[in-house]
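**Q** For reference, this is entry_34.csv, and it has CSV, C-alpha atoms.
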```
chain,number,residue,atom,x,y,z
A,4,MET,CA,0.0,0.0,0.0
A,5,LEU,CA,1.3,3.4,-0.9
A,6,SER,CA,1.9,5.8,2.0
A,7,ARG,CA,0.7,9.4,2.0
A,8,ARG,CA,4.4,10.4,2.0
A,9,SER,CA,5.2,8.3,-1.1
A,10,VAL,CA,2.2,9.7,-2.9
A,11,LEU,CA,3.2,13.3,-2.1
A,12,ALA,CA,6.8,12.5,-3.2
A,13,ALA,CA,5.6,11.0,-6.5
A,14,SER,CA,3.3,14.0,-7.1
A,15,ALA,CA,6.2,16.4,-6.4
A,16,ALA,CA,8.4,14.5,-8.8
A,17,LEU,CA,5.8,14.6,-11.6
A,18,MET,CA,5.2,18.3,-11.1
A,19,ALA,CA,9.0,18.9,-11.2
A,20,SER,CA,9.2,16.9,-14.4
A,21,ARG,CA,6.5,18.9,-16.0
A,22,ALA,CA,8.0,22.2,-14.9
A,23,GLY,CA,11.4,21.1,-16.3
A,24,ALA,CA,9.8,20.2,-19.6
A,25,ALA,CA,7.9,23.5,-19.8
A,26,GLY,CA,11.1,25.3,-19.0
A,27,ALA,CA,13.3,23.5,-21.5
A,28,ARG,CA,15.3,25.8,-23.7
A,29,LEU,CA,14.7,25.4,-27.4
A,30,ARG,CA,16.5,27.4,-30.1
A,31,PHE,CA,16.0,27.2,-33.8
A,32,GLY,CA,16.6,29.3,-37.0
A,33,VAL,CA,13.9,30.8,-39.2
A,34,ILE,CA,14.2,32.0,-42.8
A,35,ALA,CA,11.4,33.3,-45.0
A,36,ASP,CA,11.1,33.7,-48.7
A,37,PRO,CA,14.7,33.5,-50.2
A,38,GLN,CA,12.9,33.2,-53.5
A,39,TYR,CA,16.1,32.5,-55.4
A,40,ALA,CA,16.1,32.6,-59.2
A,41,GLU,CA,18.8,33.4,-61.8
A,42,ALA,CA,16.8,36.4,-62.9
A,43,PRO,CA,17.1,40.2,-63.0
A,44,PRO,CA,15.6,42.1,-60.1
A,45,ASN,CA,12.0,43.2,-60.1
A,46,LEU,CA,12.6,46.9,-59.1
A,47,THR,CA,8.8,47.5,-58.8
A,48,LEU,CA,8.5,44.9,-56.1
A,49,GLY,CA,12.0,45.4,-54.7
A,50,ARG,CA,13.0,41.8,-55.2
A,51,TYR,CA,16.6,40.8,-55.9
A,52,TYR,CA,16.2,37.1,-56.8
A,53,ALA,CA,19.8,36.2,-57.7
A,54,ASN,CA,21.2,38.0,-54.6
A,55,SER,CA,19.6,35.4,-52.4
A,56,LEU,CA,22.4,32.9,-52.9
A,57,ASP,CA,24.9,35.2,-51.2
A,58,LYS,CA,22.4,36.1,-48.5
A,59,MET,CA,21.8,32.5,-47.9
A,60,ARG,CA,25.5,31.7,-47.6
A,61,ALA,CA,25.9,34.5,-45.0
A,62,ALA,CA,22.8,33.3,-43.1
A,63,VAL,CA,24.0,29.7,-43.0
A,64,SER,CA,27.4,30.9,-41.8
A,65,ALA,CA,25.8,32.9,-39.0
A,66,LEU,CA,23.4,30.0,-38.0
A,67,ASN,CA,26.2,27.5,-38.0
A,68,ARG,CA,27.9,29.4,-35.2
A,69,GLU,CA,24.8,28.9,-33.0
A,70,ASP,CA,23.5,25.9,-31.0
A,71,LEU,CA,20.2,25.2,-32.7
A,72,SER,CA,17.9,22.2,-33.0
A,73,PHE,CA,16.9,23.0,-36.6
A,74,VAL,CA,16.5,25.7,-39.2
A,75,VAL,CA,13.1,26.1,-40.9
A,76,THR,CA,12.4,27.9,-44.2
A,77,LEU,CA,8.8,29.2,-44.3
A,78,GLY,CA,8.2,28.7,-48.0
A,79,ASP,CA,9.3,30.1,-51.3
A,80,THR,CA,12.8,28.7,-51.3
A,81,ILE,CA,12.9,29.6,-55.0
A,82,ASP,CA,11.0,32.1,-57.2
A,83,ARG,CA,10.7,30.1,-60.4
A,84,ASP,CA,12.3,27.3,-62.5
A,85,VAL,CA,13.1,23.9,-61.1
A,86,ALA,CA,16.8,24.4,-61.9
A,87,SER,CA,16.8,27.0,-59.1
A,88,TYR,CA,16.7,24.2,-56.6
A,89,ASP,CA,20.0,22.9,-57.9
A,90,LYS,CA,21.7,26.2,-57.0
A,91,ILE,CA,20.2,27.0,-53.6
A,92,LEU,CA,19.8,23.5,-52.0
A,93,PRO,CA,23.6,22.8,-51.9
A,94,ILE,CA,23.9,25.9,-49.6
A,95,TYR,CA,21.3,24.4,-47.3
A,96,ARG,CA,23.4,21.2,-47.2
A,97,THR,CA,26.3,23.2,-45.6
A,98,LEU,CA,24.1,23.8,-42.5
A,99,ARG,CA,25.3,21.8,-39.5
A,100,HIS,CA,21.7,21.8,-38.3
A,101,GLU,CA,18.7,19.9,-39.6
A,102,ALA,CA,16.9,21.8,-42.4
A,103,ARG,CA,13.1,21.8,-42.3
A,104,PHE,CA,10.9,23.3,-45.1
A,105,VAL,CA,7.4,24.7,-45.6
A,106,LEU,CA,6.0,24.9,-49.1
A,107,GLY,CA,5.2,28.3,-50.6
A,108,ASN,CA,3.4,29.4,-53.7
A,109,HIS,CA,6.6,30.2,-55.7
A,110,ASP,CA,8.0,26.7,-55.0
A,111,PHE,CA,5.4,25.5,-57.5
A,112,ASP,CA,6.3,28.1,-60.2
A,113,VAL,CA,8.0,25.3,-62.2
A,114,ALA,CA,7.0,23.4,-65.3
A,115,PRO,CA,3.8,21.3,-64.7
A,116,GLU,CA,5.7,18.0,-65.0
A,117,HIS,CA,7.8,19.0,-62.0
A,118,ARG,CA,5.1,20.2,-59.6
A,119,GLY,CA,4.3,16.8,-58.2
A,120,ARG,CA,7.9,16.4,-57.0
A,121,VAL,CA,8.5,19.7,-55.3
A,122,ALA,CA,8.1,18.3,-51.8
A,123,SER,CA,10.5,15.5,-52.5
A,124,LEU,CA,13.1,17.9,-54.0
A,125,LEU,CA,13.0,19.6,-50.6
A,126,GLY,CA,13.3,16.3,-48.7
A,127,MET,CA,9.8,16.4,-47.4
A,128,ALA,CA,7.9,13.1,-47.1
A,129,SER,CA,4.6,15.0,-47.2
A,130,PRO,CA,3.5,18.6,-47.9
A,131,SER,CA,2.1,18.8,-44.3
A,132,TYR,CA,3.7,17.1,-41.3
A,133,ASP,CA,4.5,17.5,-37.7
A,134,PHE,CA,7.5,17.0,-35.5
A,135,ALA,CA,8.5,17.5,-31.9
A,136,ALA,CA,11.5,19.4,-30.4
A,137,SER,CA,11.8,19.6,-26.7
A,138,ASP,CA,8.3,20.0,-25.3
A,139,ILE,CA,7.1,21.8,-28.5
A,140,ARG,CA,5.0,20.1,-31.2
A,141,PHE,CA,5.6,21.9,-34.6
A,142,VAL,CA,2.7,21.5,-37.0
A,143,VAL,CA,3.6,22.3,-40.7
A,144,LEU,CA,0.7,23.2,-42.9
A,145,ASP,CA,0.5,23.2,-46.7
A,146,GLY,CA,-1.4,26.4,-47.6
A,147,ASN,CA,-1.1,25.4,-51.3
A,148,ASP,CA,-3.4,22.4,-50.7
A,149,VAL,CA,-6.5,24.0,-52.4
A,150,SER,CA,-5.0,26.6,-54.8
A,151,LEU,CA,-5.0,27.5,-58.5
A,152,PHE,CA,-1.4,26.4,-59.0
A,153,ALA,CA,-0.2,23.5,-56.8
A,154,PRO,CA,-2.7,20.6,-57.5
A,155,PRO,CA,-2.6,18.8,-60.9
A,156,PRO,CA,-4.9,20.4,-63.6
A,157,ASP,CA,-7.5,17.6,-63.3
A,158,ASP,CA,-7.5,17.5,-59.5
A,159,PRO,CA,-10.9,18.5,-58.0
A,160,ARG,CA,-9.0,20.8,-55.6
A,161,ARG,CA,-8.4,23.2,-58.6
A,162,GLN,CA,-12.2,23.6,-59.1
A,163,LEU,CA,-12.7,24.0,-55.3
A,164,ALA,CA,-9.9,26.7,-55.3
A,165,ALA,CA,-11.7,28.6,-58.1
A,166,GLU,CA,-14.9,28.5,-56.1
A,167,ARG,CA,-13.3,29.7,-52.9
A,168,LEU,CA,-11.6,32.5,-54.7
A,169,GLN,CA,-14.8,33.6,-56.3
A,170,GLN,CA,-16.6,33.5,-52.9
A,171,ALA,CA,-13.8,35.6,-51.4
A,172,GLU,CA,-14.1,38.1,-54.2
A,173,ALA,CA,-17.8,38.3,-53.8
A,174,ALA,CA,-17.4,38.9,-50.1
A,175,GLY,CA,-14.9,41.7,-50.8
A,176,LEU,CA,-12.1,40.1,-48.8
A,177,VAL,CA,-8.7,41.8,-49.1
A,178,ASN,CA,-7.0,38.4,-49.5
A,179,ALA,CA,-9.1,37.4,-52.5
A,180,LYS,CA,-5.9,37.0,-54.6
A,181,PRO,CA,-5.0,34.1,-57.1
A,182,TRP,CA,-1.6,33.7,-55.5
A,183,ASN,CA,-3.1,32.7,-52.1
A,184,GLY,CA,-4.5,29.3,-51.2
A,185,SER,CA,-6.3,27.4,-48.5
A,186,LEU,CA,-6.5,24.1,-46.6
A,187,GLY,CA,-8.5,21.1,-47.9
A,188,GLU,CA,-10.9,19.2,-45.6
A,189,THR,CA,-8.6,16.3,-45.2
A,190,GLN,CA,-5.7,18.5,-44.1
A,191,PHE,CA,-7.9,20.5,-41.8
A,192,ALA,CA,-9.1,17.3,-40.1
A,193,TRP,CA,-5.5,16.1,-39.8
A,194,LEU,CA,-4.6,19.5,-38.1
A,195,GLU,CA,-7.4,19.0,-35.6
A,196,GLY,CA,-6.1,15.5,-34.8
A,197,CYS,CA,-2.5,16.9,-34.3
A,198,LEU,CA,-3.8,19.5,-31.9
A,199,ARG,CA,-5.8,17.0,-29.9
A,200,ALA,CA,-2.8,14.6,-29.7
A,201,ALA,CA,-0.4,17.4,-28.7
A,202,ARG,CA,-2.7,18.5,-25.9
A,203,ALA,CA,-3.1,15.0,-24.6
A,204,ALA,CA,0.7,14.6,-24.6
A,205,GLY,CA,1.1,17.9,-22.7
A,206,GLU,CA,2.9,19.5,-25.6
A,207,ARG,CA,2.8,23.2,-26.6
A,208,VAL,CA,2.2,23.9,-30.3
A,209,VAL,CA,3.8,26.2,-32.8
A,210,VAL,CA,2.1,26.2,-36.2
A,211,LEU,CA,4.2,26.8,-39.3
A,212,ASN,CA,2.8,27.9,-42.7
A,213,HIS,CA,3.8,29.9,-45.6
A,214,TYR,CA,0.6,32.0,-45.6
A,215,PRO,CA,-0.4,34.4,-42.8
A,216,VAL,CA,-3.8,34.2,-41.2
A,217,ALA,CA,-3.8,37.3,-38.9
A,218,PRO,CA,-4.0,40.2,-38.9
A,219,ASP,CA,-6.1,40.9,-42.0
A,220,ASN,CA,-3.8,41.2,-45.0
A,221,PRO,CA,-4.0,40.7,-48.8
A,222,HIS,CA,-1.5,37.8,-48.3
A,223,ASN,CA,-3.7,35.7,-45.9
A,224,LEU,CA,-5.1,32.3,-46.6
A,225,TRP,CA,-8.5,32.4,-48.1
A,226,ASP,CA,-9.8,30.4,-45.1
A,227,ALA,CA,-7.9,32.4,-42.5
A,228,SER,CA,-10.9,33.0,-40.3
A,229,ARG,CA,-11.7,29.2,-40.0
A,230,LEU,CA,-8.1,28.5,-39.0
A,231,THR,CA,-7.8,31.3,-36.4
A,232,ALA,CA,-11.2,30.2,-34.9
A,233,LEU,CA,-9.8,26.7,-34.5
A,234,LEU,CA,-6.5,27.9,-33.0
A,235,ALA,CA,-8.3,30.2,-30.6
A,236,ARG,CA,-9.9,27.2,-28.9
A,237,GLN,CA,-6.5,25.6,-28.3
A,238,PRO,CA,-4.9,26.7,-25.0
A,239,HIS,CA,-1.7,24.9,-25.8
A,240,VAL,CA,-1.1,26.7,-29.1
A,241,ILE,CA,1.4,29.5,-28.4
A,242,ALA,CA,2.5,30.8,-31.8
A,243,TYR,CA,1.9,30.8,-35.6
A,244,PHE,CA,4.9,31.6,-37.8
A,245,ASN,CA,4.7,32.4,-41.5
A,246,GLY,CA,6.3,34.3,-44.5
A,247,HIS,CA,4.6,35.2,-47.8
A,248,ASN,CA,4.1,38.9,-46.8
A,249,HIS,CA,7.6,40.1,-47.3
A,250,ALA,CA,7.0,43.3,-45.4
A,251,GLY,CA,6.5,41.3,-42.2
A,252,ASN,CA,3.7,41.6,-39.6
A,253,TYR,CA,2.8,40.8,-36.1
A,254,VAL,CA,-0.3,40.5,-33.9
A,255,GLU,CA,-1.2,38.7,-30.6
A,256,ARG,CA,-4.7,37.3,-30.7
A,257,ASP,CA,-6.3,34.9,-28.2
A,258,GLY,CA,-2.9,34.6,-26.5
A,259,ILE,CA,-1.3,33.3,-29.7
A,260,HIS,CA,1.6,35.2,-31.3
A,261,TYR,CA,1.2,35.5,-35.0
A,262,VAL,CA,4.6,36.4,-36.4
A,263,ASN,CA,5.1,37.1,-40.1
A,264,PHE,CA,8.8,37.0,-40.9
A,265,HIS,CA,10.3,39.3,-43.5
A,266,GLY,CA,11.3,38.1,-46.9
A,267,MET,CA,15.0,37.5,-47.5
A,268,VAL,CA,14.7,38.3,-51.2
A,269,ASP,CA,13.8,41.9,-50.7
A,270,THR,CA,16.5,44.7,-51.1
A,271,PRO,CA,19.8,44.3,-52.9
A,272,ASP,CA,22.0,43.5,-50.0
A,273,SER,CA,20.1,43.6,-46.6
A,274,SER,CA,19.1,40.1,-45.5
A,275,ALA,CA,16.4,38.9,-43.1
A,276,PHE,CA,16.4,35.8,-40.9
A,277,ALA,CA,16.1,35.0,-37.2
A,278,ILE,CA,16.9,32.8,-34.3
A,279,VAL,CA,14.0,31.9,-32.1
A,280,GLU,CA,14.3,30.8,-28.5
A,281,ILE,CA,11.5,29.3,-26.4
A,282,ALA,CA,12.0,28.8,-22.7
A,283,GLY,CA,9.4,28.8,-20.0
A,284,ASP,CA,7.0,31.6,-20.6
A,285,ARG,CA,9.2,33.5,-23.0
A,286,LEU,CA,9.5,33.6,-26.7
A,287,GLU,CA,12.6,35.5,-27.9
A,288,ILE,CA,13.2,36.4,-31.5
A,289,GLN,CA,16.7,37.6,-32.4
A,290,GLY,CA,16.4,39.3,-35.7
A,291,PHE,CA,19.2,39.7,-38.3
A,292,GLY,CA,19.2,42.3,-41.0
A,293,ARG,CA,15.6,43.6,-41.7
A,294,GLU,CA,14.0,41.1,-39.3
A,295,PRO,CA,13.1,42.9,-36.0
A,296,SER,CA,13.9,41.3,-32.6
A,297,ARG,CA,10.9,40.6,-30.3
A,298,SER,CA,10.5,39.6,-26.7
A,299,LEU,CA,7.1,37.9,-26.2
A,300,THR,CA,5.3,36.5,-23.2
A,301,LEU,CA,3.7,33.1,-23.6
A,302,LYS,CA,0.3,32.2,-22.2
A,303,THR,CA,-0.2,29.5,-19.7
A,304,ALA,CA,-2.0,26.5,-21.1
```
Would you mind writing the file's structure down as structure tokens?
**A**
Amino acid sequence: MLSRRSVLAASAALMASRAGAAGARLRFGVIADPQYAEAPPNLTLGRYYANSLDKMRAAVSALNREDLSFVVTLGDTIDRDVASYDKILPIYRTLRHEARFVLGNHDFDVAPEHRGRVASLLGMASPSYDFAASDIRFVVLDGNDVSLFAPPPDDPRRQLAAERLQQAEAAGLVNAKPWNGSLGETQFAWLEGCLRAARAAGERVVVLNHYPVAPDNPHNLWDASRLTALLARQPHVIAYFNGHNHAGNYVERDGIHYVNFHGMVDTPDSSAFAIVEIAGDRLEIQGFGREPSRSLTLKTA
């Protein structure tokens, strides 16, 4: 029979274990929108595609000097042409950290016969996936799932994308743009399952996507409101990281930090990337180049 003393000791040990996990220090790198292509700059948009190779080399050099669990790129590794992957991916291979990828709209700006293998070119087993690091569950979404450019031409998701865009236009939404996308029902159900499993396991969650969902912006997912409504009901979701809007953005909503990282491709020589540290109730972002640093307080699940 267990004594009261042994029960109290076991409870104290469990609480200490949970506190230790919640206070575990996790550091990782974040890059958004390198958008490399061997192409002249677009001066109207301020995008210097070819310069991203040198910016990436410098970023990898800086990140390799740090103790990190992984480095994630939040989409648009390239701007166009499948051959662009052959130039930029060897630079990623010089990282001494694990490289993780999120799919962006420009990653699919390749010849139709190559679109089905974009994920595999980036070493991704699936366009959407999840992984754990320390006490954090990272959920990677594919915002190109229902879009006008990623699914094969005869895929029913193309027709669904056209309908969703038409509905967004009819509603006068600022994000009713053909270069945005949305989540299919299968992926949305998968996301719900990931969130339930993470909560049952006592894990906090960071969602990674190419497309922003908050605040309102022309670059947001078409179904941004559905996604933010789901996340608002999850006390263990602490942050949502994305790229796509190269100007960057930030809002805290329902205790969740929505951080839009700046695009690396913009400007001729100023880069943008970050190191994120999560420890206890703090989320610290150390920005490099145009990426601002932030010190954020995390909610208690």
**Q** Between A:Leu66, A:Ile259, A:Ala201, A:Met59, which is the closest to Ala217 (chain A) once you count all atoms listed in the file?
**A**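 Using all atoms listed in the file, Ala217 (chain A) sits closest to A:Ile259.
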**Q** Identify which of the residues A:His265, A:Arg68, A:Arg30, A:His222 lies closest to Asn183 (chain A), counting all atoms listed in the file when measuring atom-to-atom distances.
**A**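 Nearest candidate to Asn183 (chain A) out of A:His265, A:Arg68, A:Arg30, A:His222: A:His222.
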**Q** Using only C-alpha atoms, which of A:Gln38, A:Asn248, A:Asn263, A:Asn45 sits nearest Asp84 (chain A)?
**A**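 Among the listed residues, A:Gln38 lies closest to Asp84 (chain A).
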**Q** Do you know which residues are at most 7 Å from Arg207 (chain A) counting all atoms listed in the file, after dropping those on the same chain fewer than 5 positions away, and could you put them as a list of chain:residue names?
**A**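 Answer for this query is A:Asp138, A:Ile139, A:Arg140, A:Ala201, A:His239, A:Val240, A:Ile241.
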**Q** Find the residue from A:Gly196, A:Gly258, A:Gly251, A:Gly184 that sits nearest to Ala227 (chain A); use all atoms listed in the file when measuring.
**A**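 The answer is A:Gly184, which sits nearest to Ala227 (chain A).
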**Q** Kindly output region 189-222 of chain A as a PDB file, in the coordinates of the input, after building N, CA and C atoms.
**A**
```
ATOM      1  N   THR A 189      -9.410  17.362 -45.764  1.00  0.00           N
ATOM      2  CA  THR A 189      -8.600  16.300 -45.200  1.00  0.00           C
ATOM      3  C   THR A 189      -7.458  16.848 -44.351  1.00  0.00           C
ATOM      4  N   GLN A 190      -6.798  17.893 -44.858  1.00  0.00           N
ATOM      5  CA  GLN A 190      -5.700  18.500 -44.100  1.00  0.00           C
ATOM      6  C   GLN A 190      -6.231  19.180 -42.829  1.00  0.00           C
ATOM      7  N   PHE A 191      -7.383  19.813 -42.922  1.00  0.00           N
ATOM      8  CA  PHE A 191      -7.900  20.500 -41.800  1.00  0.00           C
ATOM      9  C   PHE A 191      -8.273  19.476 -40.655  1.00  0.00           C
ATOM     10  N   ALA A 192      -8.827  18.327 -41.046  1.00  0.00           N
ATOM     11  CA  ALA A 192      -9.100  17.300 -40.100  1.00  0.00           C
ATOM     12  C   ALA A 192      -7.831  16.724 -39.470  1.00  0.00           C
ATOM     13  N   TRP A 193      -6.804  16.596 -40.303  1.00  0.00           N
ATOM     14  CA  TRP A 193      -5.500  16.100 -39.800  1.00  0.00           C
ATOM     15  C   TRP A 193      -4.941  17.137 -38.777  1.00  0.00           C
ATOM     16  N   LEU A 194      -5.068  18.434 -39.067  1.00  0.00           N
ATOM     17  CA  LEU A 194      -4.600  19.500 -38.100  1.00  0.00           C
ATOM     18  C   LEU A 194      -5.344  19.336 -36.796  1.00  0.00           C
ATOM     19  N   GLU A 195      -6.661  19.159 -36.836  1.00  0.00           N
ATOM     20  CA  GLU A 195      -7.400  19.000 -35.600  1.00  0.00           C
ATOM     21  C   GLU A 195      -6.921  17.805 -34.798  1.00  0.00           C
ATOM     22  N   GLY A 196      -6.603  16.714 -35.486  1.00  0.00           N
ATOM     23  CA  GLY A 196      -6.100  15.500 -34.800  1.00  0.00           C
ATOM     24  C   GLY A 196      -4.721  15.786 -34.186  1.00  0.00           C
ATOM     25  N   CYS A 197      -3.858  16.520 -34.888  1.00  0.00           N
ATOM     26  CA  CYS A 197      -2.500  16.900 -34.300  1.00  0.00           C
ATOM     27  C   CYS A 197      -2.673  17.700 -33.072  1.00  0.00           C
ATOM     28  N   LEU A 198      -3.596  18.651 -33.098  1.00  0.00           N
ATOM     29  CA  LEU A 198      -3.800  19.500 -31.900  1.00  0.00           C
ATOM     30  C   LEU A 198      -4.314  18.729 -30.739  1.00  0.00           C
ATOM     31  N   ARG A 199      -5.243  17.799 -30.988  1.00  0.00           N
ATOM     32  CA  ARG A 199      -5.800  17.000 -29.900  1.00  0.00           C
ATOM     33  C   ARG A 199      -4.650  16.097 -29.308  1.00  0.00           C
ATOM     34  N   ALA A 200      -3.853  15.484 -30.181  1.00  0.00           N
ATOM     35  CA  ALA A 200      -2.800  14.600 -29.700  1.00  0.00           C
ATOM     36  C   ALA A 200      -1.734  15.375 -28.916  1.00  0.00           C
ATOM     37  N   ALA A 201      -1.403  16.572 -29.372  1.00  0.00           N
ATOM     38  CA  ALA A 201      -0.400  17.400 -28.700  1.00  0.00           C
ATOM     39  C   ALA A 201      -0.918  17.779 -27.289  1.00  0.00           C
ATOM     40  N   ARG A 202      -2.192  18.139 -27.196  1.00  0.00           N
ATOM     41  CA  ARG A 202      -2.700  18.500 -25.900  1.00  0.00           C
ATOM     42  C   ARG A 202      -2.740  17.330 -24.941  1.00  0.00           C
ATOM     43  N   ALA A 203      -3.105  16.152 -25.454  1.00  0.00           N
ATOM     44  CA  ALA A 203      -3.100  15.000 -24.600  1.00  0.00           C
ATOM     45  C   ALA A 203      -1.708  14.606 -24.128  1.00  0.00           C
ATOM     46  N   ALA A 204      -0.705  14.920 -24.930  1.00  0.00           N
ATOM     47  CA  ALA A 204       0.700  14.600 -24.600  1.00  0.00           C
ATOM     48  C   ALA A 204       1.317  15.715 -23.726  1.00  0.00           C
ATOM     49  N   GLY A 205       0.590  16.794 -23.452  1.00  0.00           N
ATOM     50  CA  GLY A 205       1.100  17.900 -22.700  1.00  0.00           C
ATOM     51  C   GLY A 205       2.130  18.739 -23.431  1.00  0.00           C
ATOM     52  N   GLU A 206       2.018  18.761 -24.764  1.00  0.00           N
ATOM     53  CA  GLU A 206       2.900  19.500 -25.600  1.00  0.00           C
ATOM     54  C   GLU A 206       2.326  20.887 -25.968  1.00  0.00           C
ATOM     55  N   ARG A 207       3.160  21.905 -25.980  1.00  0.00           N
ATOM     56  CA  ARG A 207       2.800  23.200 -26.600  1.00  0.00           C
ATOM     57  C   ARG A 207       2.943  23.103 -28.072  1.00  0.00           C
ATOM     58  N   VAL A 208       2.252  23.972 -28.796  1.00  0.00           N
ATOM     59  CA  VAL A 208       2.200  23.900 -30.300  1.00  0.00           C
ATOM     60  C   VAL A 208       2.635  25.194 -30.905  1.00  0.00           C
ATOM     61  N   VAL A 209       3.484  25.073 -31.921  1.00  0.00           N
ATOM     62  CA  VAL A 209       3.800  26.200 -32.800  1.00  0.00           C
ATOM     63  C   VAL A 209       3.381  25.722 -34.225  1.00  0.00           C
ATOM     64  N   VAL A 210       2.527  26.509 -34.886  1.00  0.00           N
ATOM     65  CA  VAL A 210       2.100  26.200 -36.200  1.00  0.00           C
ATOM     66  C   VAL A 210       2.966  26.942 -37.231  1.00  0.00           C
ATOM     67  N   LEU A 211       3.403  26.239 -38.269  1.00  0.00           N
ATOM     68  CA  LEU A 211       4.200  26.800 -39.300  1.00  0.00           C
ATOM     69  C   LEU A 211       3.489  26.740 -40.644  1.00  0.00           C
ATOM     70  N   ASN A 212       3.441  27.839 -41.358  1.00  0.00           N
ATOM     71  CA  ASN A 212       2.800  27.900 -42.700  1.00  0.00           C
ATOM     72  C   ASN A 212       3.427  28.954 -43.498  1.00  0.00           C
ATOM     73  N   HIS A 213       3.285  28.874 -44.798  1.00  0.00           N
ATOM     74  CA  HIS A 213       3.800  29.900 -45.600  1.00  0.00           C
ATOM     75  C   HIS A 213       2.898  31.173 -45.554  1.00  0.00           C
ATOM     76  N   TYR A 214       1.599  30.956 -45.461  1.00  0.00           N
ATOM     77  CA  TYR A 214       0.600  32.000 -45.600  1.00  0.00           C
ATOM     78  C   TYR A 214       0.214  32.553 -44.173  1.00  0.00           C
ATOM     79  N   PRO A 215       0.112  33.866 -44.031  1.00  0.00           N
ATOM     80  CA  PRO A 215      -0.400  34.400 -42.800  1.00  0.00           C
ATOM     81  C   PRO A 215      -1.902  34.203 -42.646  1.00  0.00           C
ATOM     82  N   VAL A 216      -2.388  34.320 -41.427  1.00  0.00           N
ATOM     83  CA  VAL A 216      -3.800  34.200 -41.200  1.00  0.00           C
ATOM     84  C   VAL A 216      -4.319  35.398 -40.305  1.00  0.00           C
ATOM     85  N   ALA A 217      -3.401  36.125 -39.680  1.00  0.00           N
ATOM     86  CA  ALA A 217      -3.800  37.300 -38.900  1.00  0.00           C
ATOM     87  C   ALA A 217      -2.542  38.194 -38.755  1.00  0.00           C
ATOM     88  N   PRO A 218      -2.763  39.532 -38.715  1.00  0.00           N
ATOM     89  CA  PRO A 218      -4.000  40.200 -38.900  1.00  0.00           C
ATOM     90  C   PRO A 218      -4.492  40.211 -40.336  1.00  0.00           C
ATOM     91  N   ASP A 219      -5.642  40.838 -40.638  1.00  0.00           N
ATOM     92  CA  ASP A 219      -6.100  40.900 -42.000  1.00  0.00           C
ATOM     93  C   ASP A 219      -5.091  41.478 -42.936  1.00  0.00           C
ATOM     94  N   ASN A 220      -4.898  40.811 -44.079  1.00  0.00           N
ATOM     95  CA  ASN A 220      -3.800  41.200 -45.000  1.00  0.00           C
ATOM     96  C   ASN A 220      -4.113  40.625 -46.362  1.00  0.00           C
ATOM     97  N   PRO A 221      -3.730  41.267 -47.449  1.00  0.00           N
ATOM     98  CA  PRO A 221      -4.000  40.700 -48.800  1.00  0.00           C
ATOM     99  C   PRO A 221      -3.267  39.352 -49.002  1.00  0.00           C
ATOM    100  N   HIS A 222      -2.291  38.993 -48.159  1.00  0.00           N
ATOM    101  CA  HIS A 222      -1.500  37.800 -48.300  1.00  0.00           C
ATOM    102  C   HIS A 222      -2.132  36.574 -47.555  1.00  0.00           C
TER     103      HIS A 222
END
```
